[in-house]
$ cat run.txt   # compact mmCIF, C-alpha atoms and all ligand atoms
# COMPACT_ATOMS: atom_id res chain seq x y z
CA MET A 279 75.48 82.07 124.47
CA ARG A 280 77.73 83.53 127.16
CA ALA A 281 80.27 84.60 124.57
CA ALA A 282 77.59 86.08 122.33
CA ARG A 283 76.38 88.31 125.12
CA LEU A 284 79.91 89.51 125.69
CA CYS A 285 80.69 90.60 122.16
CA ARG A 286 80.55 94.31 122.79
CA ARG A 287 80.45 95.65 119.25
CA ARG A 288 77.08 97.13 118.46
CA VAL A 289 75.52 95.21 115.55
CA PRO A 290 73.24 97.27 113.30
CA GLN A 291 69.77 95.75 113.23
CA ALA A 292 68.33 94.69 109.88
CA ARG A 293 65.67 97.41 109.89
CA GLU A 294 68.24 100.03 110.81
CA ILE A 295 70.52 98.95 107.97
CA ALA A 296 67.68 99.00 105.46
CA LEU A 297 66.41 102.46 106.36
CA VAL A 298 69.32 104.33 104.78
CA GLY A 299 68.36 106.03 101.50
CA SER A 300 70.20 105.83 98.14
CA TYR A 301 69.87 102.91 95.77
CA ASN A 302 73.50 101.80 96.28
CA ILE A 303 73.24 101.62 100.04
CA HIS A 304 69.85 100.03 99.89
CA GLN A 305 71.28 97.30 97.63
CA LEU A 306 74.10 96.47 100.06
CA SER A 307 71.93 96.54 103.16
CA LYS A 308 69.20 94.45 101.50
CA GLN A 309 71.78 91.92 100.37
CA MET A 310 73.31 91.80 103.84
CA THR A 311 69.92 91.25 105.43
CA GLU A 312 69.13 88.41 103.03
CA ALA A 313 72.51 86.75 103.61
CA VAL A 314 72.24 87.14 107.40
CA ASP A 315 68.74 85.62 107.39
CA PHE A 316 70.01 82.71 105.31
CA ILE A 317 72.95 82.00 107.65
CA ARG A 318 70.69 82.22 110.70
CA GLN A 319 68.48 79.54 109.19
CA GLN A 320 71.52 77.22 109.03
CA TRP A 321 73.22 78.15 112.30
CA ASN A 322 71.85 79.69 115.46
CA GLY A 323 75.22 80.63 116.99
CA THR A 324 76.47 84.20 117.36
CA PRO A 325 80.09 84.43 116.27
CA CYS A 326 82.58 86.48 118.25
CA ALA A 327 85.45 86.01 115.82
CA GLY A 328 85.65 85.77 112.04
CA LEU A 329 88.55 83.98 110.39
CA VAL A 330 89.53 84.61 106.80
CA LEU A 331 91.69 81.68 105.74
CA GLY A 332 94.02 82.47 102.87
CA SER A 333 95.69 80.21 100.31
CA GLY A 334 96.73 76.88 101.80
CA LEU A 335 95.36 77.65 105.27
CA GLY A 336 91.92 76.04 104.94
CA LYS A 337 93.05 72.96 106.88
CA LEU A 338 92.73 75.07 110.00
CA CYS A 339 88.99 74.33 109.77
CA ASP A 340 89.80 70.79 111.01
CA ALA A 341 90.40 72.33 114.45
CA ILE A 342 86.89 73.84 114.61
CA GLU A 343 84.05 71.98 116.37
CA ILE A 344 81.82 72.40 113.36
CA GLU A 345 78.13 73.15 113.83
CA ALA A 346 77.37 74.19 110.25
CA ALA A 347 79.30 74.25 106.97
CA ILE A 348 77.71 76.32 104.24
CA ASP A 349 78.88 76.37 100.62
CA TYR A 350 79.38 79.88 99.28
CA SER A 351 77.38 78.88 96.20
CA THR A 352 74.23 78.62 98.38
CA ILE A 353 74.62 81.94 100.22
CA PRO A 354 72.63 84.82 98.72
CA HIS A 355 74.82 87.45 97.04
CA PHE A 356 78.09 85.60 97.59
CA ALA A 357 80.41 85.52 94.59
CA ARG A 358 81.97 82.26 93.35
CA THR A 359 85.51 81.31 94.37
CA THR A 360 87.77 80.52 91.46
CA ALA A 361 91.13 80.82 93.22
CA MET A 362 93.51 77.87 93.62
CA GLY A 363 93.30 76.27 97.06
CA HIS A 364 90.18 78.22 98.11
CA VAL A 365 87.40 75.78 98.97
CA GLY A 366 84.51 78.25 99.16
CA ARG A 367 82.77 77.23 102.38
CA LEU A 368 81.70 79.11 105.48
CA VAL A 369 82.44 77.02 108.57
CA CYS A 370 80.54 77.88 111.75
CA GLY A 371 81.25 76.47 115.19
CA ASN A 372 83.59 76.78 118.15
CA LEU A 373 87.34 77.09 118.31
CA GLU A 374 89.05 77.18 121.71
CA GLY A 375 85.61 77.76 123.24
CA VAL A 376 84.94 80.84 121.10
CA PRO A 377 82.04 80.89 118.62
CA VAL A 378 83.67 81.49 115.24
CA ILE A 379 82.77 81.78 111.63
CA ALA A 380 85.59 80.83 109.27
CA MET A 381 85.88 81.55 105.59
CA ASN A 382 87.51 78.51 104.03
CA GLY A 383 88.58 80.45 100.96
CA ARG A 384 88.17 84.10 100.09
CA PHE A 385 87.38 86.28 97.10
CA HIS A 386 90.09 88.27 95.35
CA PHE A 387 90.02 91.39 93.24
CA TYR A 388 92.11 89.56 90.60
CA GLU A 389 89.29 87.06 90.09
CA GLY A 390 87.32 89.93 88.61
CA HIS A 391 85.09 90.52 91.62
CA ALA A 392 84.20 94.07 92.57
CA MET A 393 85.69 95.27 95.85
CA ARG A 394 82.22 95.20 97.42
CA GLN A 395 81.89 91.52 96.49
CA VAL A 396 85.37 90.75 97.81
CA THR A 397 84.41 92.25 101.16
CA PHE A 398 80.77 91.15 101.33
CA PRO A 399 81.64 88.18 103.60
CA MET A 400 83.34 90.55 106.07
CA ARG A 401 80.21 92.73 106.04
CA LEU A 402 78.16 89.61 106.66
CA MET A 403 80.34 88.42 109.55
CA GLY A 404 80.12 91.92 111.04
CA ALA A 405 76.33 91.88 110.78
CA LEU A 406 76.31 88.46 112.47
CA GLY A 407 78.13 89.99 115.43
CA ILE A 408 81.90 89.39 115.22
CA ASP A 409 84.08 91.92 117.00
CA LEU A 410 87.39 90.32 116.04
CA ALA A 411 88.58 89.44 112.53
CA ILE A 412 91.68 87.34 111.95
CA VAL A 413 92.69 87.80 108.35
CA THR A 414 95.37 85.50 106.93
CA ASN A 415 97.21 85.23 103.64
CA ALA A 416 100.16 83.81 101.75
CA ALA A 417 102.62 86.55 100.87
CA GLY A 418 105.88 87.20 99.11
CA GLY A 419 108.77 88.29 101.31
CA VAL A 420 110.05 91.68 100.21
CA ASN A 421 112.18 92.07 103.33
CA ARG A 422 115.20 89.91 102.59
CA GLN A 423 115.72 89.14 106.27
CA TYR A 424 112.62 86.95 106.05
CA ALA A 425 112.62 83.27 105.10
CA THR A 426 110.01 81.04 103.52
CA GLY A 427 107.74 79.69 106.26
CA ASP A 428 108.12 82.70 108.58
CA VAL A 429 104.97 84.31 109.91
CA VAL A 430 104.43 88.05 109.68
CA VAL A 431 102.11 89.82 112.10
CA ILE A 432 100.83 92.69 109.99
CA GLU A 433 101.38 96.03 111.70
CA ASP A 434 100.30 98.25 108.82
CA HIS A 435 99.48 98.09 105.14
CA ILE A 436 99.92 99.91 101.85
CA ASN A 437 96.98 99.69 99.50
CA LEU A 438 98.32 99.48 95.94
CA MET A 439 95.29 97.63 94.57
CA CYS A 440 93.89 100.65 92.73
CA GLY A 441 90.53 100.02 94.35
CA ASN A 442 88.83 100.51 97.68
CA PRO A 443 85.80 98.65 99.05
CA LEU A 444 84.44 101.87 100.57
CA THR A 445 84.17 103.66 97.22
CA GLY A 446 80.61 104.79 96.54
CA THR A 447 77.89 106.14 98.75
CA ASN A 448 78.61 105.50 102.41
CA ASP A 449 76.13 103.73 104.65
CA ASP A 450 76.56 105.66 107.91
CA SER A 451 74.97 102.82 109.87
CA LEU A 452 77.90 100.58 108.87
CA GLY A 453 80.73 103.03 109.53
CA PRO A 454 81.99 106.56 108.90
CA ARG A 455 82.44 108.13 105.46
CA PHE A 456 86.12 108.82 106.17
CA PRO A 457 87.35 106.06 108.47
CA ASP A 458 90.55 106.54 110.40
CA MET A 459 93.43 104.28 109.34
CA SER A 460 96.07 105.38 111.85
CA GLN A 461 95.95 101.91 113.45
CA PRO A 462 93.98 99.43 111.33
CA TYR A 463 95.55 96.40 113.07
CA ASP A 464 94.88 95.97 116.78
CA LEU A 465 98.00 96.63 118.87
CA VAL A 466 97.02 94.29 121.72
CA LEU A 467 96.33 91.41 119.33
CA MET A 468 99.60 92.04 117.50
CA ALA A 469 101.58 91.88 120.73
CA ARG A 470 99.72 88.72 121.79
CA ALA A 471 100.34 87.04 118.45
CA LEU A 472 104.08 87.75 118.72
CA THR A 473 104.18 86.44 122.30
CA ILE A 474 102.32 83.25 121.33
CA ALA A 475 104.69 82.75 118.40
CA ARG A 476 107.70 83.14 120.70
CA LEU A 477 106.27 80.64 123.20
CA HIS A 478 105.91 78.08 120.41
CA HIS A 479 109.33 78.85 118.87
CA ILE A 480 107.69 80.13 115.70
CA ILE A 481 109.67 82.74 113.79
CA ALA A 482 107.36 85.73 113.52
CA HIS A 483 108.05 89.30 112.48
CA ARG A 484 106.09 92.50 112.71
CA GLY A 485 105.80 93.88 109.20
CA VAL A 486 104.09 96.04 106.60
CA TYR A 487 101.89 94.29 104.02
CA ALA A 488 101.58 95.81 100.55
CA ALA A 489 98.47 94.76 98.65
CA VAL A 490 98.63 94.63 94.86
CA ALA A 491 95.87 93.71 92.43
CA GLY A 492 97.69 90.74 90.91
CA PRO A 493 97.28 88.15 89.51
CA ASN A 494 100.88 88.15 88.28
CA TYR A 495 103.75 88.02 90.74
CA GLU A 496 106.06 91.01 90.80
CA THR A 497 108.85 91.95 88.46
CA ARG A 498 112.34 92.58 89.85
CA ALA A 499 111.79 96.33 89.57
CA GLU A 500 108.46 96.05 91.38
CA TYR A 501 109.96 94.07 94.28
CA ARG A 502 112.67 96.77 94.56
CA LEU A 503 110.06 99.52 94.50
CA LEU A 504 107.93 97.79 97.15
CA ARG A 505 110.92 97.56 99.45
CA ARG A 506 111.65 101.25 98.96
CA LEU A 507 108.03 102.04 99.75
CA GLY A 508 108.43 100.34 103.12
CA ALA A 509 106.78 96.99 102.46
CA ASP A 510 107.99 93.81 104.17
CA VAL A 511 105.58 91.45 102.42
CA VAL A 512 103.39 91.65 99.33
CA GLY A 513 100.16 89.88 98.48
CA MET A 514 96.91 90.13 96.57
CA SER A 515 94.36 90.15 99.38
CA THR A 516 93.69 91.09 103.02
CA VAL A 517 93.67 94.88 102.71
CA PRO A 518 90.08 95.14 101.35
CA GLU A 519 88.81 92.97 104.23
CA ALA A 520 90.92 94.87 106.78
CA ILE A 521 89.56 98.21 105.52
CA VAL A 522 85.96 97.03 105.77
CA ALA A 523 86.55 95.53 109.22
CA ALA A 524 88.14 98.77 110.42
CA HIS A 525 85.23 100.72 108.90
CA ALA A 526 82.81 98.53 110.88
CA GLY A 527 84.73 98.90 114.16
CA ILE A 528 85.90 95.28 114.20
CA ARG A 529 89.31 94.58 115.75
CA VAL A 530 91.69 93.14 113.14
CA LEU A 531 94.66 90.80 113.40
CA GLY A 532 96.49 90.19 110.12
CA LEU A 533 98.82 87.22 109.65
CA SER A 534 100.91 86.50 106.56
CA THR A 535 102.90 83.38 105.86
CA VAL A 536 105.95 84.04 103.76
CA THR A 537 105.79 81.65 100.81
CA ASN A 538 108.62 83.04 98.67
CA VAL A 539 111.34 85.57 99.33
CA SER A 540 112.32 87.94 96.56
CA ASN A 541 115.90 88.73 95.80
CA PRO A 542 115.49 91.19 92.92
CA ASP A 543 119.14 90.79 91.90
CA ALA A 544 118.70 87.05 91.33
CA LEU A 545 114.94 86.57 91.19
CA LYS A 546 113.79 82.97 90.97
CA PRO A 547 110.49 82.21 89.23
CA THR A 548 107.43 81.89 91.51
CA ASP A 549 104.28 79.95 90.75
CA GLY A 550 100.93 79.31 92.40
CA GLU A 551 101.66 75.68 93.28
CA SER A 552 104.86 76.45 95.18
CA VAL A 553 103.14 79.31 97.02
CA LEU A 554 100.32 76.97 98.00
CA ASP A 555 102.75 74.24 99.12
CA ALA A 556 104.72 76.66 101.29
CA SER A 557 101.54 78.01 102.83
CA ARG A 558 100.21 74.52 103.60
CA LEU A 559 103.50 73.70 105.35
CA ALA A 560 103.16 76.82 107.49
CA GLU A 561 99.51 76.18 108.42
CA PRO A 562 100.24 74.44 111.76
CA ARG A 563 102.19 77.51 112.88
CA VAL A 564 99.44 79.92 111.91
CA ARG A 565 96.93 77.61 113.60
CA LYS A 566 98.91 77.73 116.88
CA ILE A 567 98.87 81.53 116.83
CA ILE A 568 95.16 81.73 116.02
CA CYS A 569 94.26 79.16 118.69
CA GLY A 570 96.39 81.04 121.22
CA ILE A 571 94.62 84.30 120.38
CA LEU A 572 91.19 82.68 120.70
CA GLU A 573 92.14 81.01 123.98
CA LYS A 574 92.91 84.48 125.34
CA GLU A 575 89.61 85.79 123.95
CA ALA A 576 87.76 82.93 125.68
CA ASN A 577 89.40 83.89 128.99
CA ARG A 578 88.53 87.53 128.45
CA LEU A 579 84.93 86.68 127.62
CA ALA A 580 84.64 84.41 130.66
CA SER A 581 85.98 87.07 133.01
CA GLU A 582 83.64 89.85 131.82
N1 LIG A 601 103.57 88.56 95.31
C1 LIG A 601 102.24 88.75 95.42
N2 LIG A 601 101.44 87.89 96.02
C2 LIG A 601 101.99 86.79 96.56
C3 LIG A 601 103.37 86.54 96.48
C4 LIG A 601 104.19 87.48 95.82
O1 LIG A 601 105.43 87.32 95.71
N3 LIG A 601 103.58 85.36 97.12
C5 LIG A 601 102.38 84.92 97.58
N4 LIG A 601 101.41 85.79 97.24

$ encode --input "run.txt" --output "C-alpha cells" --more "lines below"
Ligand code: HPA
Amino acid sequence: MRAARLCRRRVPQAREIALVGSYNIHQLSKQMTEAVDFIRQQWNGTPCAGLVLGSGLGKLCDAIEIEAAIDYSTIPHFARTTAMGHVGRLVCGNLEGVPVIAMNGRFHFYEGHAMRQVTFPMRLMGALGIDLAIVTNAAGGVNRQYATGDVVVIEDHINLMCGNPLTGTNDDSLGPRFPDMSQPYDLVLMARALTIARLHHIIAHRGVYAAVAGPNYETRAEYRLLRRLGADVVGMSTVPEAIVAAHAGIRVLGLSTVTNVSNPDALKPTDGESVLDASRLAEPRVRKIICGILEKEANRLASE
C-alpha cells in the first residue's frame, strides 16, 4: 500500500463525482462509480500506473504479477472489443513493484464506439487512482527515416479523428472545460523512455502521432498530406485516451511501434495481419521501455 499512498494525484470521491448536475454528467459519473465499485470487489489494490496495450502488445501482461484479471464483458458500462488482436481483459497486479492496471485490448472509434465509450476505461483507471498512463499503439511510419520495428516516443499529436472525448457538458470535478494541450505528453517520461531505449540498443525516435478515425489505411495522397502536416506516425487510437488523461491531470507516456512505413511514391499494400505481426515482434522492446519506466517510478515512490 506504500505505492498507493504515494500516488499524489487527487482522486475525486464517488459522492463528489455524483453531485454534479446535468443528465449527461450524472450519467458518466454514475457509470464510473458503478464500474469502480465493481473493480474494487475484484481487486483491492490501488493502481499507480495504467497501461493501455495496443494491437499485438497484449503479451506484455505476461510480465505482470497478476492479482486479478477481469473480462471487459463483465465490467459495468464497458463496451465490447471487436478489434483484431485485442483480448478485452483488465489485468490488475504489480509490474516492477508498481501496482498497475493494464488494458489488454482497447476500444477504437472505428469500431463504432462513441468517444466517451472509447475513453471510459481511462476515466475508470483515473478514478481508481492512477497518476501515470502509458498508452501504446501500432502505427504507420509517415516519416520515411523510420523502419518497421522502430519505437516512437510520442512528443505531440494531431487529432484528425473528427471527434473528441470531451465533447458535451463538462464535469468540472474530472477536469477543466478547456484543458491545456501545450504539453500532453510528459517531458520527463519521454526523456526517460529514450534513455532506456538507448541503454537497451532499441531504435527509438521522438515523433508526432496523427490520429485518424480509420478503419482503412491511408491513401498515397493522405500519407503525403500527413507528412506535410508534421506527422511522423499515423494510427487509429491513443489520442482520445491521451486527451482524457491530460484532462484528468494524469501524466501520459505514449509509445508507438512502427508496423509499416509508407512510401507514397511506391506504396505497398498494408493489412491488419501484417500490422499485428510487426507489432508482436516489437513487443519485447516496448516491454523493456515500460518496465524501465516503472522501475524508475518504483524508486521514486520508495524515496518519497
Ligand atoms: N495507418 C493507420 N493506422 C495504422 C497504420 C497506418 O499505416 N499502421 C498501423 N496502424

$ closest_atom_pairs --input "run.txt" --of "chain A" --to "ligand LIG 601 (chain A)" --cutoff "6 Å" --atoms "all atoms listed in the file" --output "tab-separated table"
residue	atom	partner	partner_atom	distance
A:Ala416	CA	A:LIG601	C5	4.9
A:Ala417	CA	A:LIG601	C5	3.7
A:Gly418	CA	A:LIG601	O1	3.4
A:Tyr495	CA	A:LIG601	N1	4.6
A:Glu496	CA	A:LIG601	N1	5.7
A:Val512	CA	A:LIG601	C1	5.0
A:Gly513	CA	A:LIG601	N2	3.4
A:Met514	CA	A:LIG601	N2	5.1
A:Thr537	CA	A:LIG601	N3	5.7
A:Asn538	CA	A:LIG601	N3	5.8
A:Val553	CA	A:LIG601	C5	5.7

$ residues_around --input "run.txt" --residues "Gly570 (chain A)" --least-positions-apart "4" --cutoff "7 Å" --atoms "all atoms listed in the file" --output "short mmCIF file (atom, residue, chain, number, x, y, z; two decimals) with C-alpha atoms, in the frame of the given file"
data_model
loop_
_atom_site.label_atom_id
_atom_site.label_comp_id
_atom_site.auth_asym_id
_atom_site.auth_seq_id
_atom_site.Cartn_x
_atom_site.Cartn_y
_atom_site.Cartn_z
CA ILE A 474 102.32 83.25 121.33
CA LYS A 566 98.91 77.73 116.88
CA LYS A 574 92.91 84.48 125.34
#

$ residues_around --input "run.txt" --residues "Cys569 (chain A)" --least-positions-apart "4" --cutoff "8 Å" --atoms "all atoms listed in the file" --output "ChimeraX atom specification"
/A:373-374,565,573

$ residues_near_point --input "run.txt" --point "(105.2, 90.7, 106.8)" --cutoff "12 Å" --atoms "only C-alpha atoms" --output "VMD selection string"
chain A and resid 414 to 436 481 to 489 505 508 to 513 532 to 539

$ atom_distance --input "run.txt" --atom1 "CA of Gly492 (chain A)" --atom2 "CA of Tyr388 (chain A)"
5.7 Å

$ atom_distance --input "run.txt" --atom1 "CA of Leu338 (chain A)" --atom2 "CA of Ile571 (chain A)"
14.0 Å

$ closest_atom_pairs --input "run.txt" --of "region 303-393 of chain A" --to "region 557-563 of chain A" --cutoff "7 Å" --atoms "only C-alpha atoms" --output "Markdown table"
| residue | atom | partner | partner_atom | distance |
| --- | --- | --- | --- | --- |
| A:Ser333 | CA | A:Ser557 | CA | 6.7 |
| A:Gly334 | CA | A:Arg558 | CA | 4.6 |
| A:Leu335 | CA | A:Glu561 | CA | 5.4 |

$ atom_distance --input "run.txt" --atom1 "CA of Ala576 (chain A)" --atom2 "CA of Thr473 (chain A)"
17.1 Å

$ axis_aligned_box --input "run.txt" --around "region 523-538 of chain A" --padding-each-side "4 Å" --output "JSON"
{"center_x": 95.7, "center_y": 91.2, "center_z": 107.2, "size_x": 33.8, "size_y": 27.1, "size_z": 25.1}

$ closest_residue --input "run.txt" --among "A:Ala523, A:Val396, A:Cys339, A:Val564" --to "Asn372 (chain A)" --atoms "all atoms listed in the file"
A:Cys339

$ closest_residue --input "run.txt" --among "A:Thr359, A:Thr516, A:Gln305, A:Asn541" --to "Ala499 (chain A)" --atoms "only C-alpha atoms"
A:Asn541

$ closest_residue --input "run.txt" --among "A:Ala347, A:Leu368, A:Val378, A:Met310" --to "Thr324 (chain A)" --atoms "all atoms listed in the file"
A:Val378

$ closest_residue --input "run.txt" --among "A:Pro493, A:Val530, A:Ala380, A:Pro518" --to "Val466 (chain A)" --atoms "all atoms listed in the file"
A:Val530

$ closest_residue --input "run.txt" --among "A:Ala341, A:Met362, A:Leu331, A:Ala524" --to "Gly550 (chain A)" --atoms "all atoms listed in the file"
A:Met362
